[in-house]
>>> print(open('protein-v4.cif').read())   # mmCIF, C-alpha atoms
data_run
loop_
_atom_site.group_PDB
_atom_site.id
_atom_site.type_symbol
_atom_site.label_atom_id
_atom_site.label_comp_id
_atom_site.auth_asym_id
_atom_site.auth_seq_id
_atom_site.Cartn_x
_atom_site.Cartn_y
_atom_site.Cartn_z
ATOM 1 C CA MET C 1 5.305 -17.503 -13.565
ATOM 2 C CA ASN C 2 4.871 -21.250 -13.311
ATOM 3 C CA LYS C 3 2.969 -22.942 -10.520
ATOM 4 C CA LYS C 4 6.072 -23.433 -8.417
ATOM 5 C CA GLU C 5 7.074 -19.767 -8.636
ATOM 6 C CA ILE C 6 3.571 -18.609 -7.758
ATOM 7 C CA LEU C 7 3.589 -20.868 -4.695
ATOM 8 C CA ILE C 8 7.039 -19.630 -3.657
ATOM 9 C CA GLY C 9 5.868 -16.007 -3.937
ATOM 10 C CA LEU C 10 2.740 -16.731 -1.928
ATOM 11 C CA PHE C 11 4.765 -18.708 0.605
ATOM 12 C CA ILE C 12 7.116 -15.761 1.194
ATOM 13 C CA ALA C 13 4.113 -13.490 1.836
ATOM 14 C CA LEU C 14 2.563 -16.056 4.191
ATOM 15 C CA VAL C 15 5.810 -16.410 6.140
ATOM 16 C CA LEU C 16 6.018 -12.626 6.567
ATOM 17 C CA ALA C 17 2.393 -12.484 7.686
ATOM 18 C CA PHE C 18 2.595 -15.459 10.044
ATOM 19 C CA VAL C 19 6.085 -15.295 11.502
ATOM 20 C CA LEU C 20 6.996 -11.606 11.509
ATOM 21 C CA SER C 21 3.693 -9.757 11.966
ATOM 22 C CA PRO C 22 3.405 -10.478 15.730
ATOM 23 C CA PHE C 23 6.789 -8.808 16.174
ATOM 24 C CA ALA C 24 5.942 -5.646 14.238
ATOM 25 C CA SER C 25 6.550 -2.388 16.067
ATOM 26 C CA PRO C 26 3.541 -1.519 18.257
ATOM 27 C CA TRP C 27 4.375 2.192 18.050
ATOM 28 C CA PRO C 28 1.884 4.485 16.300
ATOM 29 C CA ASP C 29 2.540 5.039 12.591
ATOM 30 C CA GLY C 30 3.499 8.404 11.102
ATOM 31 C CA LEU C 31 -0.034 9.753 10.775
ATOM 32 C CA GLU C 32 -1.175 8.511 14.223
ATOM 33 C CA LYS C 33 1.906 10.022 15.834
ATOM 34 C CA VAL C 34 1.323 13.390 14.168
ATOM 35 C CA ALA C 35 -2.354 13.213 15.209
ATOM 36 C CA GLU C 36 -1.292 12.557 18.826
ATOM 37 C CA ASP C 37 1.342 15.279 18.853
ATOM 38 C CA LYS C 38 -0.881 17.886 17.220
ATOM 39 C CA GLY C 39 -3.866 16.944 19.379
ATOM 40 C CA PHE C 40 -6.442 15.724 16.886
ATOM 41 C CA ILE C 41 -6.246 11.937 17.434
ATOM 42 C CA ALA C 42 -9.557 11.976 19.377
ATOM 43 C CA LYS C 43 -11.375 12.978 16.182
ATOM 44 C CA ALA C 44 -11.022 9.356 15.077
ATOM 45 C CA ASP C 45 -13.056 8.150 18.080
ATOM 46 C CA ILE C 46 -16.336 7.952 16.229
ATOM 47 C CA LYS C 47 -18.598 5.006 15.682
ATOM 48 C CA PRO C 48 -17.366 3.177 12.602
ATOM 49 C CA VAL C 49 -19.653 3.318 9.579
ATOM 50 C CA LEU C 50 -19.099 -0.372 9.125
ATOM 51 C CA GLU C 51 -18.180 -2.920 11.773
ATOM 52 C CA SER C 52 -15.225 -4.908 10.488
ATOM 53 C CA PRO C 53 -15.105 -8.611 11.324
ATOM 54 C CA LEU C 54 -11.426 -8.542 12.380
ATOM 55 C CA PRO C 55 -10.610 -5.047 13.673
ATOM 56 C CA ASP C 56 -6.928 -4.337 14.324
ATOM 57 C CA TYR C 57 -5.766 -7.582 12.692
ATOM 58 C CA VAL C 58 -6.906 -9.760 15.596
ATOM 59 C CA TRP C 59 -8.313 -13.233 14.931
ATOM 60 C CA PRO C 60 -11.054 -13.718 17.527
ATOM 61 C CA GLY C 61 -11.095 -16.354 20.229
ATOM 62 C CA LEU C 62 -7.369 -16.869 20.620
ATOM 63 C CA ARG C 63 -5.760 -16.263 23.980
ATOM 64 C CA SER C 64 -2.361 -15.475 22.522
ATOM 65 C CA GLU C 65 -2.218 -11.982 21.049
ATOM 66 C CA LYS C 66 0.694 -12.998 18.837
ATOM 67 C CA LEU C 67 -1.161 -15.978 17.388
ATOM 68 C CA ALA C 68 -4.268 -13.848 16.848
ATOM 69 C CA THR C 69 -2.204 -11.436 14.749
ATOM 70 C CA SER C 70 -0.549 -14.295 12.859
ATOM 71 C CA PHE C 71 -3.881 -15.903 11.986
ATOM 72 C CA ALA C 72 -5.362 -12.584 10.874
ATOM 73 C CA GLY C 73 -2.255 -12.095 8.738
ATOM 74 C CA ILE C 74 -2.559 -15.523 7.108
ATOM 75 C CA PHE C 75 -6.253 -14.997 6.452
ATOM 76 C CA GLY C 76 -5.710 -11.546 4.943
ATOM 77 C CA THR C 77 -2.781 -12.673 2.801
ATOM 78 C CA LEU C 78 -4.725 -15.606 1.323
ATOM 79 C CA LEU C 79 -7.844 -13.490 0.804
ATOM 80 C CA ILE C 80 -5.922 -10.730 -0.964
ATOM 81 C CA PHE C 81 -3.969 -13.215 -3.055
ATOM 82 C CA GLY C 82 -7.284 -14.647 -4.218
ATOM 83 C CA ILE C 83 -8.814 -11.257 -4.953
ATOM 84 C CA GLY C 84 -5.727 -9.954 -6.789
ATOM 85 C CA TYR C 85 -5.327 -13.124 -8.836
ATOM 86 C CA GLY C 86 -9.060 -13.409 -9.439
ATOM 87 C CA LEU C 87 -9.490 -9.802 -10.565
ATOM 88 C CA ALA C 88 -6.542 -10.050 -12.945
ATOM 89 C CA GLY C 89 -7.991 -13.291 -14.324
ATOM 90 C CA LEU C 90 -11.379 -11.623 -14.808
ATOM 91 C CA PHE C 91 -9.832 -8.681 -16.692
ATOM 92 C CA ARG C 92 -7.970 -11.163 -18.862
ATOM 93 C CA TYR C 93 -11.083 -13.267 -19.470
ATOM 94 C CA PHE C 94 -13.499 -10.469 -20.285
ATOM 95 C CA PHE C 95 -11.225 -8.301 -22.339
ATOM 96 C CA LYS C 96 -9.230 -10.928 -24.184
ATOM 97 C CA THR C 97 -8.313 -9.524 -27.564
ATOM 98 C CA MET Q 1 -0.850 6.541 6.715
ATOM 99 C CA HIS Q 2 -4.337 5.023 6.594
ATOM 100 C CA ILE Q 3 -6.638 7.952 7.398
ATOM 101 C CA PRO Q 4 -9.450 6.918 9.775
ATOM 102 C CA ASP Q 5 -12.979 8.273 9.544
ATOM 103 C CA GLY Q 6 -13.409 11.443 11.566
ATOM 104 C CA PHE Q 7 -10.345 13.207 10.202
ATOM 105 C CA LEU Q 8 -11.808 14.282 6.871
ATOM 106 C CA SER Q 9 -14.694 16.606 6.081
ATOM 107 C CA ALA Q 10 -17.313 15.605 3.512
ATOM 108 C CA GLY Q 11 -15.824 18.231 1.226
ATOM 109 C CA THR Q 12 -12.658 16.142 1.161
ATOM 110 C CA TRP Q 13 -13.747 12.502 1.297
ATOM 111 C CA VAL Q 14 -16.565 12.761 -1.239
ATOM 112 C CA PRO Q 15 -14.280 14.111 -3.986
ATOM 113 C CA GLY Q 16 -11.752 11.486 -2.845
ATOM 114 C CA TRP Q 17 -14.227 8.708 -3.618
ATOM 115 C CA ILE Q 18 -15.177 10.225 -6.983
ATOM 116 C CA VAL Q 19 -11.562 10.606 -8.108
ATOM 117 C CA SER Q 20 -10.622 7.123 -6.911
ATOM 118 C CA VAL Q 21 -13.561 5.312 -8.474
ATOM 119 C CA GLY Q 22 -13.061 7.197 -11.746
ATOM 120 C CA GLY Q 23 -9.311 6.649 -11.682
ATOM 121 C CA LEU Q 24 -9.636 2.937 -10.953
ATOM 122 C CA GLY Q 25 -12.108 2.634 -13.820
ATOM 123 C CA LEU Q 26 -9.536 4.124 -16.177
ATOM 124 C CA CYS Q 27 -6.841 1.843 -14.727
ATOM 125 C CA ILE Q 28 -8.999 -1.252 -15.293
ATOM 126 C CA LYS Q 29 -9.714 -0.189 -18.860
ATOM 127 C CA ARG Q 30 -6.033 0.347 -19.569
ATOM 128 C CA VAL Q 31 -4.870 -2.823 -17.785
ATOM 129 C CA SER Q 32 -7.375 -4.912 -19.703
ATOM 130 C CA SER Q 33 -5.836 -3.860 -22.990
ATOM 131 C CA ILE Q 34 -2.205 -4.459 -21.979
ATOM 132 C CA LEU Q 35 -2.523 -7.315 -19.488
ATOM 133 C CA LYS Q 36 -0.241 -10.170 -20.402
ATOM 134 C CA ASP Q 37 -0.851 -13.724 -19.232
ATOM 135 C CA LYS Q 38 2.285 -13.675 -17.104
ATOM 136 C CA MET Q 39 0.983 -10.645 -15.188
ATOM 137 C CA VAL Q 40 -2.148 -12.406 -13.905
ATOM 138 C CA PRO Q 41 -0.532 -14.560 -11.189
ATOM 139 C CA LEU Q 42 1.988 -11.799 -10.496
ATOM 140 C CA MET Q 43 -0.899 -9.487 -9.550
ATOM 141 C CA GLY Q 44 -2.015 -12.068 -6.991
ATOM 142 C CA VAL Q 45 1.469 -12.532 -5.558
ATOM 143 C CA VAL Q 46 2.236 -8.790 -5.404
ATOM 144 C CA SER Q 47 -1.122 -8.109 -3.694
ATOM 145 C CA ALA Q 48 -0.424 -10.772 -1.081
ATOM 146 C CA PHE Q 49 3.134 -9.575 -0.532
ATOM 147 C CA VAL Q 50 2.174 -5.910 -0.136
ATOM 148 C CA PHE Q 51 -0.565 -6.814 2.347
ATOM 149 C CA ALA Q 52 1.791 -8.957 4.425
ATOM 150 C CA ALA Q 53 4.574 -6.357 4.289
ATOM 151 C CA GLN Q 54 2.163 -3.606 5.359
ATOM 152 C CA MET Q 55 1.596 -5.506 8.619
ATOM 153 C CA LEU Q 56 5.286 -5.264 9.459
ATOM 154 C CA ASN Q 57 5.697 -1.913 11.144
ATOM 155 C CA PHE Q 58 9.328 -0.984 11.671
ATOM 156 C CA PRO Q 59 10.392 1.555 14.306
ATOM 157 C CA VAL Q 60 11.697 4.834 12.909
ATOM 158 C CA ILE Q 61 12.245 7.399 15.635
ATOM 159 C CA GLY Q 62 10.898 8.602 18.983
ATOM 160 C CA GLY Q 63 8.035 6.145 19.420
ATOM 161 C CA THR Q 64 6.960 6.225 15.788
ATOM 162 C CA SER Q 65 6.745 3.332 13.352
ATOM 163 C CA GLY Q 66 6.194 3.010 9.639
ATOM 164 C CA HIS Q 67 5.521 0.263 7.155
ATOM 165 C CA LEU Q 68 5.865 -0.367 3.447
ATOM 166 C CA LEU Q 69 3.178 1.243 1.294
ATOM 167 C CA GLY Q 70 4.280 -0.663 -1.788
ATOM 168 C CA GLY Q 71 2.959 1.623 -4.528
ATOM 169 C CA ALA Q 72 6.314 2.147 -6.218
ATOM 170 C CA LEU Q 73 7.247 -1.532 -5.825
ATOM 171 C CA ALA Q 74 3.960 -2.704 -7.360
ATOM 172 C CA ALA Q 75 4.307 -0.228 -10.243
ATOM 173 C CA VAL Q 76 7.858 -1.339 -11.080
ATOM 174 C CA LEU Q 77 6.654 -4.953 -11.286
ATOM 175 C CA LEU Q 78 3.235 -4.441 -12.862
ATOM 176 C CA GLY Q 79 3.198 -0.983 -14.395
ATOM 177 C CA PRO Q 80 1.360 2.007 -12.901
ATOM 178 C CA CYS Q 81 -2.220 0.940 -13.711
ATOM 179 C CA ALA Q 82 -2.074 -2.659 -12.475
ATOM 180 C CA GLY Q 83 0.121 -1.454 -9.588
ATOM 181 C CA ALA Q 84 -2.515 1.080 -8.548
ATOM 182 C CA ILE Q 85 -5.258 -1.576 -8.738
ATOM 183 C CA VAL Q 86 -3.236 -3.923 -6.520
ATOM 184 C CA ILE Q 87 -2.689 -1.271 -3.832
ATOM 185 C CA ALA Q 88 -6.367 -0.265 -4.017
ATOM 186 C CA VAL Q 89 -7.361 -3.919 -3.432
ATOM 187 C CA VAL Q 90 -5.086 -4.084 -0.392
ATOM 188 C CA LEU Q 91 -6.463 -0.825 1.036
ATOM 189 C CA THR Q 92 -10.067 -1.891 0.450
ATOM 190 C CA VAL Q 93 -9.648 -5.233 2.233
ATOM 191 C CA GLN Q 94 -7.767 -3.546 5.095
ATOM 192 C CA CYS Q 95 -10.629 -1.080 5.463
ATOM 193 C CA ILE Q 96 -13.528 -3.554 5.233
ATOM 194 C CA ILE Q 97 -12.088 -6.599 7.017
ATOM 195 C CA PHE Q 98 -9.549 -5.112 9.430
ATOM 196 C CA GLN Q 99 -10.918 -1.616 10.128
ATOM 197 C CA ASP Q 100 -7.603 -0.106 9.055
ATOM 198 C CA GLY Q 101 -8.464 3.207 7.432
ATOM 199 C CA GLY Q 102 -12.005 4.585 7.365
ATOM 200 C CA LEU Q 103 -14.673 3.644 4.851
ATOM 201 C CA MET Q 104 -15.479 7.283 4.101
ATOM 202 C CA ALA Q 105 -11.762 8.025 3.945
ATOM 203 C CA LEU Q 106 -11.101 5.066 1.636
ATOM 204 C CA GLY Q 107 -11.280 7.157 -1.527
ATOM 205 C CA VAL Q 108 -8.705 9.611 -0.196
ATOM 206 C CA ASN Q 109 -6.514 6.760 1.058
ATOM 207 C CA VAL Q 110 -6.620 5.165 -2.386
ATOM 208 C CA PHE Q 111 -5.670 8.499 -3.923
ATOM 209 C CA ASN Q 112 -2.711 9.025 -1.564
ATOM 210 C CA MET Q 113 -1.247 5.561 -1.372
ATOM 211 C CA SER Q 114 -2.364 3.841 -4.561
ATOM 212 C CA PHE Q 115 -2.448 6.613 -7.198
ATOM 213 C CA ILE Q 116 0.379 8.787 -5.866
ATOM 214 C CA GLY Q 117 2.396 5.723 -4.913
ATOM 215 C CA ALA Q 118 2.017 3.856 -8.198
ATOM 216 C CA PHE Q 119 1.849 6.680 -10.745
ATOM 217 C CA LEU Q 120 4.259 9.223 -9.298
ATOM 218 C CA GLY Q 121 6.493 6.345 -8.242
ATOM 219 C CA TYR Q 122 6.414 4.777 -11.687
ATOM 220 C CA TYR Q 123 7.216 7.899 -13.672
ATOM 221 C CA ILE Q 124 10.086 8.906 -11.385
ATOM 222 C CA TYR Q 125 11.421 5.357 -11.666
ATOM 223 C CA ARG Q 126 11.118 5.371 -15.442
ATOM 224 C CA PHE Q 127 12.862 8.718 -15.751
ATOM 225 C CA ILE Q 128 15.821 7.655 -13.628
ATOM 226 C CA LYS Q 129 16.013 4.303 -15.399
ATOM 227 C CA SER Q 130 16.257 6.107 -18.737
ATOM 228 C CA VAL Q 131 19.212 8.184 -17.503
ATOM 229 C CA LEU Q 132 21.052 5.470 -15.613
ATOM 230 C CA ARG Q 133 21.318 2.186 -17.503
ATOM 231 C CA GLY Q 134 21.258 -1.377 -16.253
ATOM 232 C CA ASN Q 135 20.299 -2.839 -12.905
ATOM 233 C CA ALA Q 136 21.896 0.119 -11.112
ATOM 234 C CA GLY Q 137 19.423 2.427 -12.831
ATOM 235 C CA ILE Q 138 16.495 0.151 -11.979
ATOM 236 C CA LEU Q 139 17.425 -0.037 -8.301
ATOM 237 C CA ALA Q 140 18.378 3.630 -7.929
ATOM 238 C CA GLY Q 141 15.217 4.654 -9.753
ATOM 239 C CA ALA Q 142 13.034 2.411 -7.613
ATOM 240 C CA ALA Q 143 14.668 3.620 -4.391
ATOM 241 C CA ILE Q 144 14.209 7.302 -5.189
ATOM 242 C CA ALA Q 145 10.681 6.671 -6.494
ATOM 243 C CA ALA Q 146 9.811 4.772 -3.315
ATOM 244 C CA TRP Q 147 11.116 7.532 -1.038
ATOM 245 C CA LEU Q 148 9.546 10.392 -2.992
ATOM 246 C CA SER Q 149 6.174 8.669 -3.339
ATOM 247 C CA VAL Q 150 5.912 8.184 0.432
ATOM 248 C CA VAL Q 151 6.853 11.801 1.147
ATOM 249 C CA ALA Q 152 4.435 13.019 -1.559
ATOM 250 C CA ALA Q 153 1.605 10.818 -0.245
ATOM 251 C CA SER Q 154 2.148 12.149 3.289
ATOM 252 C CA SER Q 155 2.170 15.717 1.972
ATOM 253 C CA PHE Q 156 -1.159 15.122 0.233
ATOM 254 C CA CYS Q 157 -2.443 13.647 3.484
ATOM 255 C CA ALA Q 158 -1.406 16.835 5.310
ATOM 256 C CA LEU Q 159 -3.134 18.929 2.663
ATOM 257 C CA GLU Q 160 -6.352 16.903 3.042
ATOM 258 C CA LEU Q 161 -6.248 17.307 6.821
ATOM 259 C CA ALA Q 162 -5.773 21.052 6.365
ATOM 260 C CA VAL Q 163 -8.626 21.342 3.858
ATOM 261 C CA SER Q 164 -10.808 19.390 6.307
ATOM 262 C CA GLY Q 165 -10.005 21.975 9.005
ATOM 263 C CA ILE Q 166 -8.318 19.419 11.275
ATOM 264 C CA SER Q 167 -4.833 20.864 11.398
ATOM 265 C CA PRO Q 168 -3.430 23.925 9.614
ATOM 266 C CA LEU Q 169 -1.087 23.184 6.721
ATOM 267 C CA ARG Q 170 1.879 24.951 8.344
ATOM 268 C CA VAL Q 171 1.570 22.472 11.232
ATOM 269 C CA ALA Q 172 0.501 19.310 9.437
ATOM 270 C CA LEU Q 173 2.779 19.523 6.384
ATOM 271 C CA PRO Q 174 6.182 19.711 8.110
ATOM 272 C CA ALA Q 175 5.098 17.128 10.689
ATOM 273 C CA MET Q 176 3.809 14.628 8.118
ATOM 274 C CA ALA Q 177 6.539 15.145 5.510
ATOM 275 C CA GLY Q 178 9.215 15.140 8.216
ATOM 276 C CA VAL Q 179 8.346 11.796 9.761
ATOM 277 C CA HIS Q 180 7.633 10.238 6.371
ATOM 278 C CA ALA Q 181 11.029 11.325 5.076
ATOM 279 C CA LEU Q 182 12.328 8.765 7.593
ATOM 280 C CA ILE Q 183 9.663 6.125 6.900
ATOM 281 C CA GLY Q 184 10.433 6.595 3.193
ATOM 282 C CA ILE Q 185 13.987 5.337 3.789
ATOM 283 C CA GLY Q 186 12.482 2.045 4.975
ATOM 284 C CA GLU Q 187 10.221 2.029 1.910
ATOM 285 C CA ALA Q 188 13.248 2.542 -0.364
ATOM 286 C CA LEU Q 189 15.276 -0.197 1.356
ATOM 287 C CA ILE Q 190 12.490 -2.797 1.224
ATOM 288 C CA THR Q 191 11.632 -1.900 -2.386
ATOM 289 C CA CYS Q 192 15.284 -2.323 -3.424
ATOM 290 C CA PHE Q 193 15.679 -5.533 -1.462
ATOM 291 C CA VAL Q 194 12.650 -7.126 -3.132
ATOM 292 C CA LEU Q 195 13.599 -5.891 -6.597
ATOM 293 C CA SER Q 196 17.184 -7.092 -6.356
ATOM 294 C CA PHE Q 197 15.794 -10.520 -5.462
ATOM 295 C CA VAL Q 198 13.440 -10.457 -8.465
ATOM 296 C CA LEU Q 199 16.259 -9.212 -10.718
ATOM 297 C CA LYS Q 200 18.340 -12.170 -9.636
ATOM 298 C CA VAL Q 201 15.712 -14.896 -10.115
ATOM 299 C CA ARG Q 202 13.218 -13.608 -12.722
ATOM 300 C CA PRO Q 203 14.317 -10.247 -14.184
ATOM 301 C CA ASP Q 204 11.729 -10.635 -16.961
ATOM 302 C CA LEU Q 205 8.948 -10.151 -14.401
ATOM 303 C CA LEU Q 206 9.633 -6.413 -14.222
ATOM 304 C CA TYR Q 207 7.105 -4.376 -16.157
ATOM 305 C CA ASN Q 208 8.218 -3.400 -19.626
ATOM 306 C CA GLU Q 209 5.741 -1.572 -21.787
#
>>> encode(input="protein-v4.cif", output="C-alpha cells")
Amino acid sequence: MNKKEILIGLFIALVLAFVLSPFASPWPDGLEKVAEDKGFIAKADIKPVLESPLPDYVWPGLRSEKLATSFAGIFGTLLIFGIGYGLAGLFRYFFKT
Amino acid sequence: MHIPDGFLSAGTWVPGWIVSVGGLGLCIKRVSSILKDKMVPLMGVVSAFVFAAQMLNFPVIGGTSGHLLGGALAAVLLGPCAGAIVIAVVLTVQCIIFQDGGLMALGVNVFNMSFIGAFLGYYIYRFIKSVLRGNAGILAGAAIAAWLSVVAASSFCALELAVSGISPLRVALPAMAGVHALIGIGEALITCFVLSFVLKVRPDLLYNE
C-alpha cells in the first residue's frame, strides 16, 4: 500500500466513525437482548474494575450526543490505527529476517 | 457480543485470559516470521476499519441490533494470526478506553471474537475457496465464514454463560445462536461488500500464504 492508499483506507474508517456512528441503532445488541429477556442483565451492574476515560463512546463536555459519539469514534479510530500500524511495524523491526 | 464483567465466574474468565494471552503470543511469533512489508500498513487500516464498523449497530429484529465483528474479514485480508491480533487490539482498546466489554471478561471476549472469528473464519474461507475457484469462491467463502464465525462465537458465549452458572445452556444457546444467525447475515453482507471493493481496487492485498 502506498501512502495515498493508506490515507484513503484510514479516511474511509474515519468517515464511518464520524458520519455514521451517531446514527447507529440504539437497540441492545444480541447478547444484551438475551440478557434482558432471560433476566440476567442486572448481573452486569457491578463497579467496573477499571474506570474507562470515555465510557459508552461519549466524548466528554459536548452538549450534542451525536457529536460526542462522532468525536469518540474519530479518537478511537485514530488511536487504533496507530496501535495496529505501530505493532505491525514493531514485529517487522524486531523480527526482520 | 462484548461480555461485561459480572456475567462470568472466575472459573471461566481466568482460563479465558490464559488461553488468550498464550494464543496471542503464538500469533505474534508466527506473524513475525511471515509478515510482509505490505501487511504492516494494512494491519493499521484494517484495525481502524473494524473499530469504526463495530460502532455501527444495525437493527436486526424486535428491538435488537448487531454490528460487524470483523474476524473473518480481517483473516481474509491478513491471514488468521495477524487477523486475530488486529481484532484483539480492537477489543482491548474498546475495553480499556470505552468500557465496552469487561476487563476480567476480556480474555474470553478475545477468545470468542478474535480467535473463533479469525481462525474458524479463515479455515472455512480457505476450504470453500479451494472448492470454488475465482472471485466467486473468495466471496462465497468469506460470506459463509463470516456467518458461521458469528454463530460459533455466540454459541461459545452461551457455553461460557452456562459454565458460569448465569443461564442454563438449553436457554442461552438457542437464544444466542438464534439472534446471531440474523446478525451473522449482516456480518456476511458487510464482509462481502468490503472484499468486493478490495478485489476491484487491490486484489493483491488479500492474504496469500
>>> residues_around(input="protein-v4.cif", residues="Q:Leu148", least_positions_apart="6", cutoff="12 Å", atoms="all atoms listed in the file", output="tab-separated table (two decimals) with C-alpha atoms, keeping the file's coordinate frame")
chain	number	residue	atom	x	y	z
Q	69	LEU	CA	3.18	1.24	1.29
Q	71	GLY	CA	2.96	1.62	-4.53
Q	72	ALA	CA	6.31	2.15	-6.22
Q	113	MET	CA	-1.25	5.56	-1.37
Q	116	ILE	CA	0.38	8.79	-5.87
Q	117	GLY	CA	2.40	5.72	-4.91
Q	118	ALA	CA	2.02	3.86	-8.20
Q	119	PHE	CA	1.85	6.68	-10.74
Q	120	LEU	CA	4.26	9.22	-9.30
Q	121	GLY	CA	6.49	6.34	-8.24
Q	122	TYR	CA	6.41	4.78	-11.69
Q	123	TYR	CA	7.22	7.90	-13.67
Q	124	ILE	CA	10.09	8.91	-11.38
Q	125	TYR	CA	11.42	5.36	-11.67
Q	141	GLY	CA	15.22	4.65	-9.75
Q	142	ALA	CA	13.03	2.41	-7.61
Q	154	SER	CA	2.15	12.15	3.29
Q	155	SER	CA	2.17	15.72	1.97
Q	177	ALA	CA	6.54	15.14	5.51
Q	180	HIS	CA	7.63	10.24	6.37
Q	181	ALA	CA	11.03	11.32	5.08
Q	182	LEU	CA	12.33	8.76	7.59
Q	183	ILE	CA	9.66	6.12	6.90
Q	184	GLY	CA	10.43	6.60	3.19
Q	185	ILE	CA	13.99	5.34	3.79
Q	186	GLY	CA	12.48	2.04	4.97
Q	187	GLU	CA	10.22	2.03	1.91
Q	188	ALA	CA	13.25	2.54	-0.36
>>> closest_residue(input="protein-v4.cif", among="Q:Val40, Q:Val76, Q:Phe193, Q:Ile61", to="Q:Glu209", atoms="all atoms listed in the file")
Q:Val76
>>> resolve_selection(input="protein-v4.cif", expression="the PyMOL selection byres ((chain C and resi 6-13) around 10)", output="PyMOL selection string")
(chain C and resi 1-5+14-18+73-74+77-78+81) or (chain Q and resi 41-42+44-53)
>>> atom_distance(input="protein-v4.cif", atom1="atom CA of Q:Val21", atom2="atom CA of Q:Ala152")
20.8 Å
>>> atom_distance(input="protein-v4.cif", atom1="atom CA of Q:Leu26", atom2="atom CA of C:Arg92")
15.6 Å
>>> resolve_selection(input="protein-v4.cif", expression="the PyMOL selection byres ((chain C) within 7 of (chain Q))", output="PyMOL selection string")
chain C and resi 1+6+9-10+13+16-17+20-21+24-25+27-31+33-34+40+43-44+46+49+52-57+73+77-78+80-82+84-85+88-89+91-92+95
>>> write_last_selection(input="protein-v4.cif", atoms="C-alpha atoms", output="JSON list (two decimals), in the coordinates of the input")
[["chain", "number", "residue", "atom", "x", "y", "z"],
["C", 1, "MET", "CA", 5.30, -17.50, -13.56],
["C", 6, "ILE", "CA", 3.57, -18.61, -7.76],
["C", 9, "GLY", "CA", 5.87, -16.01, -3.94],
["C", 10, "LEU", "CA", 2.74, -16.73, -1.93],
["C", 13, "ALA", "CA", 4.11, -13.49, 1.84],
["C", 16, "LEU", "CA", 6.02, -12.63, 6.57],
["C", 17, "ALA", "CA", 2.39, -12.48, 7.69],
["C", 20, "LEU", "CA", 7.00, -11.61, 11.51],
["C", 21, "SER", "CA", 3.69, -9.76, 11.97],
["C", 24, "ALA", "CA", 5.94, -5.65, 14.24],
["C", 25, "SER", "CA", 6.55, -2.39, 16.07],
["C", 27, "TRP", "CA", 4.38, 2.19, 18.05],
["C", 28, "PRO", "CA", 1.88, 4.49, 16.30],
["C", 29, "ASP", "CA", 2.54, 5.04, 12.59],
["C", 30, "GLY", "CA", 3.50, 8.40, 11.10],
["C", 31, "LEU", "CA", -0.03, 9.75, 10.78],
["C", 33, "LYS", "CA", 1.91, 10.02, 15.83],
["C", 34, "VAL", "CA", 1.32, 13.39, 14.17],
["C", 40, "PHE", "CA", -6.44, 15.72, 16.89],
["C", 43, "LYS", "CA", -11.38, 12.98, 16.18],
["C", 44, "ALA", "CA", -11.02, 9.36, 15.08],
["C", 46, "ILE", "CA", -16.34, 7.95, 16.23],
["C", 49, "VAL", "CA", -19.65, 3.32, 9.58],
["C", 52, "SER", "CA", -15.22, -4.91, 10.49],
["C", 53, "PRO", "CA", -15.10, -8.61, 11.32],
["C", 54, "LEU", "CA", -11.43, -8.54, 12.38],
["C", 55, "PRO", "CA", -10.61, -5.05, 13.67],
["C", 56, "ASP", "CA", -6.93, -4.34, 14.32],
["C", 57, "TYR", "CA", -5.77, -7.58, 12.69],
["C", 73, "GLY", "CA", -2.26, -12.10, 8.74],
["C", 77, "THR", "CA", -2.78, -12.67, 2.80],
["C", 78, "LEU", "CA", -4.72, -15.61, 1.32],
["C", 80, "ILE", "CA", -5.92, -10.73, -0.96],
["C", 81, "PHE", "CA", -3.97, -13.22, -3.06],
["C", 82, "GLY", "CA", -7.28, -14.65, -4.22],
["C", 84, "GLY", "CA", -5.73, -9.95, -6.79],
["C", 85, "TYR", "CA", -5.33, -13.12, -8.84],
["C", 88, "ALA", "CA", -6.54, -10.05, -12.94],
["C", 89, "GLY", "CA", -7.99, -13.29, -14.32],
["C", 91, "PHE", "CA", -9.83, -8.68, -16.69],
["C", 92, "ARG", "CA", -7.97, -11.16, -18.86],
["C", 95, "PHE", "CA", -11.22, -8.30, -22.34]]
>>> closest_residue(input="protein-v4.cif", among="Q:Ser149, Q:Asn109, Q:Ser164, Q:Ser114", to="Q:Gly11", atoms="only C-alpha atoms")
Q:Ser164
>>> atom_distance(input="protein-v4.cif", atom1="atom CA of Q:Glu160", atom2="atom CA of Q:Ala105")
10.4 Å
>>> axis_aligned_box(input="protein-v4.cif", around="stretch 134-145 of chain Q", padding_each_side="8 Å", output="JSON")
{"center_x": 16.3, "center_y": 2.2, "center_z": -10.3, "size_x": 27.2, "size_y": 26.1, "size_z": 27.9}
>>> residues_around(input="protein-v4.cif", residues="Q:Ala143", least_positions_apart="4", cutoff="8 Å", atoms="all atoms listed in the file", output="PDB file with C-alpha atoms, in the frame of the given file")
ATOM      1  CA  LEU Q 139      17.425  -0.037  -8.301  1.00  0.00           C
ATOM      2  CA  TRP Q 147      11.116   7.532  -1.038  1.00  0.00           C
ATOM      3  CA  GLU Q 187      10.221   2.029   1.910  1.00  0.00           C
ATOM      4  CA  ALA Q 188      13.248   2.542  -0.364  1.00  0.00           C
ATOM      5  CA  LEU Q 189      15.276  -0.197   1.356  1.00  0.00           C
ATOM      6  CA  THR Q 191      11.632  -1.900  -2.386  1.00  0.00           C
ATOM      7  CA  CYS Q 192      15.284  -2.323  -3.424  1.00  0.00           C
TER       8      CYS Q 192
END
>>> residues_around(input="protein-v4.cif", residues="Q:Gly16", least_positions_apart="6", cutoff="7 Å", atoms="all atoms listed in the file", output="list of chain:residue names")
Q:Gly107, Q:Val108, Q:Phe111
>>> write_last_selection(input="protein-v4.cif", atoms="C-alpha atoms", output="short mmCIF file (atom, residue, chain, number, x, y, z; two decimals), in the frame of the given file")
data_model
loop_
_atom_site.label_atom_id
_atom_site.label_comp_id
_atom_site.auth_asym_id
_atom_site.auth_seq_id
_atom_site.Cartn_x
_atom_site.Cartn_y
_atom_site.Cartn_z
CA GLY Q 107 -11.28 7.16 -1.53
CA VAL Q 108 -8.70 9.61 -0.20
CA PHE Q 111 -5.67 8.50 -3.92
#
>>> closest_residue(input="protein-v4.cif", among="Q:Ala146, Q:Leu132, Q:Leu169, Q:Val163", to="Q:Ala10", atoms="all atoms listed in the file")
Q:Val163
